[in-house]
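Below: one structure, written as structure tokens.
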There are 2 protein chains.
Amino acid sequence: MTYRAPVEEIAFTLKNVAGLDAAMHDGRLGHLSGDLVDAIIEEAGRFATDEVAPLAVNGDRQGAVYKDGAVKTPDGWRDLYARWREGGWNALSGPEEFGGQGLPTMLAVAATEMWNSASMAFGLGPMLTMGAVEAIEKHASDDLKQKFLEKLVSGEWMGTMNLTEPQAGSDLNALRSRAERAGDGTYRIFGQKIFITYGEHDFTENIAHLVLARLPDAPAGTRGISLFLVPKFLVNEDGSLGARNDAFCSSIEHKLGIHGSPTCTMIFGDGFVKDREPGAVGYLIGEENRGLACMFTMMNNARLMVGMQGVAVAEAAFQKAISYANERRQGKAAGYKGEGMAPIAYHPDVQRNLLTMQVLTRVARSISYCCAHAADLSRAGGDDAGHWQERVNLLTPVAKAFSTDVGVDVASIGVQIHGGMGFIEETGAAAFYRDARIAPIYEGTNGIQAIDLVNRKLPQSGGAHVRGYIDELRVEVSRLRDSNRDGFGASADFIENALNDLQEATDFLLAAQKDGRMDDALSGATPYLRLFALAAGGAYLARAALANDNVARTALCRFFAENLIGETGALKSRVLLGSASLQAAASTLISA
Amino acid sequence: MTYRAPVEEIAFTLKNVAGLDAAMHDGRLGHLSGDLVDAIIEEAGRFATDEVAPLAVNGDRQGAVYKDGAVKTPDGWRDLYARWREGGWNALSGPEEFGGQGLPTMLAVAATEMWNSASMAFGLGPMLTMGAVEAIEKHASDDLKQKFLEKLVSGEWMGTMNLTEPQAGSDLNALRSRAERAGDGTYRIFGQKIFITYGEHDFTENIAHLVLARLPDAPAGTRGISLFLVPKFLVNEDGSLGARNDAFCSSIEHKLGIHGSPTCTMIFGDGFVKDREPGAVGYLIGEENRGLACMFTMMNNARLMVGMQGVAVAEAAFQKAISYANERRQGKAAGYKGEGMAPIAYHPDVQRNLLTMQVLTRVARSISYCCAHAADLSRAGGDDAGHWQERVNLLTPVAKAFSTDVGVDVASIGVQIHGGMGFIEETGAAAFYRDARIAPIYEGTNGIQAIDLVNRKLPQSGGAHVRGYIDELRVEVSRLRDSNRDGFGASADFIENALNDLQEATDFLLAAQKDGRMDDALSGATPYLRLFALAAGGAYLARAALANDNVARTALCRFFAENLIGETGALKSRVLLGSASLQAAASTLISA
């Protein structure tokens, strides 16, 4: 089978778990109504299911192809992109002033999930454009906005993000690309960038590259980095395309997955355009030497969207696995009363795998949608904007790292459920396993997300914000106990234990930072992030189950509580006690 | 970097953890000496490092190629195989009567690990020959032995195992391939087999296919399956090759990994050979309808060897990752006093990943080597053969499933440590992630291993064998406490807790079986197997550290105890409590 967008589950989670219903009820999201939400999700789901998903397999097989500076995307993808943007999907959450629909991030993440479930390689491109729109809208001059924003919002042009260089990945201090002032207010950009997603393609006539580079007199380190808009084609005053800019793709990567998505090496200002002075024409975004601040404003959103890729690939892998498990027959099973061999979905060990896939996907979705809800409320203009901004800050690294880890783990279980067929590329399960593997790496590795959570997010408001968040989660435990619903089993006890583990680990890490025990904080960061997500996930699954009398949601909450959440005990122990042994063993890892 | 065989670590683990030194000291392994062991491991390591590893990358890129019934292996592999078998490596553990060296399984697993670290796709082929030798030696007629064994032991010919059919994977009841009596004592075989590893290739002139099929008057189910030897070319009385048999490869699979290894669909008796009556000529191995029993005798060994593939790919992935982590520089690290950016091996989060890779690899290796040690003692002709046979039976599913899960997890962490480079195929980290994924599936999925452990292995001797094994592991805790070595930290407490968890979970499952609560046993099997491996792993790491005063081994034992073994608490809880919630949620997984 191919992917079918789970529109009911998505709408339910947005409304009942992430807080969309309450926010609409409180008038925090303008005129948005439940019916409109349903209609948008339904229509996006239809497009993802009927238009995007059928082109995913060939996209993986053909991949993007490089020749003489140009990139050809897989057969049919150019038309698919055209239909997609003509359907208004690129403009979904774009600013209304420039033709966007200005809809909440909650709807953007839901739609992003569906495009990426259908094809992660296809869904990835528009995420970069979304980032470019955000940076330009917030930081660029009116002139640049007028020239670029409408076309980027509509998707007529696409955007890219050019950060990484061979020696500068996680550490942008090492950036070497340089910019020179041209004397007319514009700049000339020189340098090489690698791993540039959709850096060159045939979807659109023009591409707006956002490029980090250093001015000659810039301070060393990250305080000397500026952000420039470098279009593939210069844009005339009337909006028409002018000369080809000196910004070229020199090769694309041969990757483990997301084959349809071109990953480009970009060369700026190498004199490919012969009849002009060398240097790619660039326009400053924001102030000189303040480029990194511009990047940071869009980073939360980009990280959340990569988290959605984790949710997306997990959902798609789960759908394929449960479909196969109901078709494939092997052996006998106690619960199967039919003729012949039982569908493998009747075997307890396969059921354990399927339920694990399903519930981890739902936990990751819940955390990510809650993060999007906080982003919407942070921009809703209330007195509580600061509170919600802290919530976005807190949940973003969790949404990114946990969801993308879930993507890998769930895709791997999906291969396993298919048995030998899972290892055969034609089956499609292996493609999820390949695609999923990039998401824990790009947009800040998951290790960096964990360090960000512990070192920058926990200390917000002196620790009061995260403590308040845990208290909110505890409300679900009280509601579980009050519900007296038999089907929950020991869910309340297990989830409460997990929240106690989270509380204790949080207190420990806040104290470690206060006391300057940075090794404790750095060593425990990754186990802590997973502990955070599992504990929050238990509370969110309870919230979902309590929203109505649904037997399946109740059973799933119980399965998670009684089978998976118990991992928090060992994770807490690692946070509290693991650092010393890690430090003791670490010296053996260093080459002489 | 490419793989370098860890010959010292392998020899150390064999001698000091798995019991090779004690077995030699007690004269249980004939004239084998420590020096001979070292020399063999050294020489195998040299061949794996210098000859096999350099051809792995191209093997992955080119893959095996099918054309008109023939399979071409990657460039250089045919010669590599010739050098490998001329070196005597295929004959290492083969029976001396037929030209083998008759060396212990402990040396076979060590060598198997090294070939498979260097190239899993290359190392896989000889494992099938090893299985064919075992089946023929134990069950075939003298005539068949004379015709085939010497050439299979030397590696002049290779063997295959033909079990799987499209409808019959884990469940061999559904087997449909048929055999007819030819009247002259031989049989004619008809049917299609899939996923046949090295079913066709250019390494050797002849191939001995071992094929499961049903006779016309056979009982239904697995009691009506017979095992046949079906050679690619018939063999004349003088040993020369005769006519081409009607056994052909019709296609090979396009797989996620192990690209150099051809995975064939085999067609037997479809009339491809035109000048003869249809049917592939086959020779019965063992008795009619007793084919499955013949398969079972070789299954323990084959499963242990697949477990070695898990160890092997984990070791190779770890080596690549630690090498990269010492070269790649990003950011600042507290412990780094040199110039410029720190090697990422100095960052605590990277160190956590590297230590996790290293220690999981060592745990998997220890369990697997201990299993091999038991296999050797079970054949050493003592009064305790039955005891050691139960030990092999007990440890085989753990060695297979845990080690191959470790292979996947460690390869995935390896990709992560490489950052964006990890996703680029040229780097090589992704190939381990692709290759590793088959090992939890073939030779009995890991779910089936777990069920085998719980349902067939725990009840051995009424549970007395597994209880005795746990008692043996507890000795290491006492030795830890007696050692008073500071560097162990709280290792003794953590490992003892894990063994208590194992004891409790074991008692629960034995009681569940006695009481006929099969759902409890089936639901808890996979968590139990992991719990078993982690608890045993802690004891083996302690044993390794206590064997001498090595600071690094002591620190690694402590890292495992204080960071990783704690997972057993949650695993025990799943075994004891997880079944009810799994059953409650499972009904939602069944399609109407």
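Ligands are numbered from 1 in the order shown, residues from 1 within each chain, and chains are lettered A, B, ... in the order they appear in the structure tokens.
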Got a sec: who's within 6 Å of segment 109-126 of chain A, counting only C-alpha atoms, leaving out chain neighbours fewer than 4 positions off, as a PyMOL selection string?
chain A and resi 48+52-53+56+258+260-261+308-309+312-313+316
Let's have the selection written as a JSON list (two decimals), in the first residue's frame, with N, CA and C atoms.
[["chain", "number", "residue", "atom", "x", "y", "z"],
["A", 48, "ALA", "N", -1.66, 15.11, -0.51],
["A", 48, "ALA", "CA", -0.52, 14.27, -0.12],
["A", 48, "ALA", "C", -0.75, 12.83, -0.55],
["A", 52, "VAL", "N", 1.14, 13.42, -4.15],
["A", 52, "VAL", "CA", 2.56, 13.33, -3.78],
["A", 52, "VAL", "C", 3.00, 11.87, -3.63],
["A", 53, "ALA", "N", 2.25, 11.10, -2.84],
["A", 53, "ALA", "CA", 2.69, 9.73, -2.52],
["A", 53, "ALA", "C", 2.95, 8.87, -3.76],
["A", 56, "ALA", "N", 6.51, 9.15, -5.08],
["A", 56, "ALA", "CA", 7.64, 9.02, -4.15],
["A", 56, "ALA", "C", 8.59, 7.91, -4.57],
["A", 258, "ILE", "N", 16.61, 10.14, 0.88],
["A", 258, "ILE", "CA", 16.02, 11.33, 0.24],
["A", 258, "ILE", "C", 16.68, 11.61, -1.11],
["A", 260, "GLY", "N", 15.49, 11.97, -4.06],
["A", 260, "GLY", "CA", 14.87, 12.93, -4.97],
["A", 260, "GLY", "C", 15.27, 14.37, -4.67],
["A", 261, "SER", "N", 15.79, 14.58, -3.48],
["A", 261, "SER", "CA", 16.16, 15.93, -3.05],
["A", 261, "SER", "C", 17.63, 16.20, -3.36],
["A", 308, "MET", "N", 8.94, 17.36, 12.37],
["A", 308, "MET", "CA", 7.77, 16.83, 11.66],
["A", 308, "MET", "C", 8.17, 15.77, 10.65],
["A", 309, "GLN", "N", 9.37, 15.90, 10.08],
["A", 309, "GLN", "CA", 9.82, 14.85, 9.16],
["A", 309, "GLN", "C", 9.98, 13.52, 9.88],
["A", 312, "ALA", "N", 6.59, 12.25, 10.35],
["A", 312, "ALA", "CA", 6.05, 11.88, 9.04],
["A", 312, "ALA", "C", 6.55, 10.53, 8.58],
["A", 313, "VAL", "N", 7.84, 10.30, 8.68],
["A", 313, "VAL", "CA", 8.39, 9.04, 8.19],
["A", 313, "VAL", "C", 7.95, 7.89, 9.10],
["A", 316, "ALA", "N", 4.34, 7.02, 8.07],
["A", 316, "ALA", "CA", 4.33, 6.28, 6.80],
["A", 316, "ALA", "C", 4.84, 4.85, 6.99]]
What's the 8 Å shell around segment 25-32 of chain A, counting only C-alpha atoms, without same-chain residues fewer than 4 positions away, as a ChimeraX atom specification?
/A:21,36-37,104,376-377,380
Any idea which chain B residues end up within 7 Å of chain A if we count only C-alpha atoms, as a PyMOL selection string please?
chain B and resi 170-171+253-256+326+330-331+345+348-349+351-352+416+419-420+423-425+430+438+441-442+447+522-523+552+555-556+558-559+562-563+566-567+570+574+577-578+581-582+584-586+588-591
Any idea what's packed within 9 Å of Glu86 of chain A, counting only C-alpha atoms, ignoring anything in its chain fewer than 3 positions away? Could you give it as number ranges by chain?
A: 81-83, 89-90, 154-156
Resulting file, chosen residues, N, CA and C atoms, as a PDB file, in the first residue's frame:
ATOM      1  N   TYR A  81       5.276  19.829  -8.187  1.00  0.00           N
ATOM      2  CA  TYR A  81       5.528  21.052  -7.427  1.00  0.00           C
ATOM      3  C   TYR A  81       4.631  22.187  -7.917  1.00  0.00           C
ATOM      4  N   ALA A  82       4.471  22.279  -9.220  1.00  0.00           N
ATOM      5  CA  ALA A  82       3.626  23.344  -9.793  1.00  0.00           C
ATOM      6  C   ALA A  82       2.186  23.203  -9.308  1.00  0.00           C
ATOM      7  N   ARG A  83       1.656  21.980  -9.340  1.00  0.00           N
ATOM      8  CA  ARG A  83       0.287  21.764  -8.860  1.00  0.00           C
ATOM      9  C   ARG A  83       0.176  22.065  -7.370  1.00  0.00           C
ATOM     10  N   TRP A  89      -0.549  25.697  -1.313  1.00  0.00           N
ATOM     11  CA  TRP A  89       0.041  25.056  -0.133  1.00  0.00           C
ATOM     12  C   TRP A  89       1.310  25.727   0.341  1.00  0.00           C
ATOM     13  N   ASN A  90       2.078  26.309  -0.573  1.00  0.00           N
ATOM     14  CA  ASN A  90       3.289  27.006  -0.131  1.00  0.00           C
ATOM     15  C   ASN A  90       2.938  28.250   0.679  1.00  0.00           C
ATOM     16  N   SER A 154       4.341  32.630  -2.585  1.00  0.00           N
ATOM     17  CA  SER A 154       3.499  31.842  -3.498  1.00  0.00           C
ATOM     18  C   SER A 154       4.182  30.543  -3.909  1.00  0.00           C
ATOM     19  N   GLY A 155       5.505  30.524  -3.788  1.00  0.00           N
ATOM     20  CA  GLY A 155       6.240  29.350  -4.244  1.00  0.00           C
ATOM     21  C   GLY A 155       6.671  29.458  -5.702  1.00  0.00           C
ATOM     22  N   GLU A 156       6.425  30.592  -6.327  1.00  0.00           N
ATOM     23  CA  GLU A 156       6.889  30.765  -7.707  1.00  0.00           C
ATOM     24  C   GLU A 156       8.413  30.675  -7.764  1.00  0.00           C
TER      25      GLU A 156
END
Going by DSSP on the backbone, which bits of segment 243-373 of chain A are helix (DSSP H, G or I)? Write them as an MDAnalysis selection string, please.
chainID A and resid 291:327 344:346 348:373
What's the 8 Å shell around Arg303 of chain A, counting only C-alpha atoms, without same-chain residues fewer than 3 positions away, as JSON, numbers by chain?
{"A": [299, 300, 306, 307, 396, 397, 399, 400, 443, 444]}
Considering only strand (DSSP E or B) as DSSP defines it on the backbone, what residues of segment 225-442 of chain A qualify? List them as JSON, numbers by chain.
{"A": [225, 226, 227, 228, 229, 230, 231, 233, 234, 235, 241, 242, 243, 244, 247, 248, 249, 250, 251, 252, 255, 263, 264, 265, 266, 267, 268, 280, 281, 282, 283, 284, 285, 290, 329, 343, 424]}
Would you kindly return, as a PyMOL selection string, each protein, DNA or RNA residue with an atom no farther than 12 Å from any atom of Phe148 of chain B, considering only C-alpha atoms and excluding same-chain residues fewer than 3 positions away?
chain B and resi 98-99+129+132-137+140-145+151-159+206-210+229-231+233-241+283
With distances taken over only C-alpha atoms, which residue among A:Ser403, A:Leu284, A:Arg214, A:Ala64 lies nearest Gly185 of chain A?
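With only C-alpha atoms as the atom set, the closest residue is A:Leu284.
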With only C-alpha atoms as the atoms that count, which of A:Ser378, A:Gln449, A:Ser177, A:Gln192 lies nearest to Val398 of chain A?
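Closest residue, counting only C-alpha atoms: A:Gln449.
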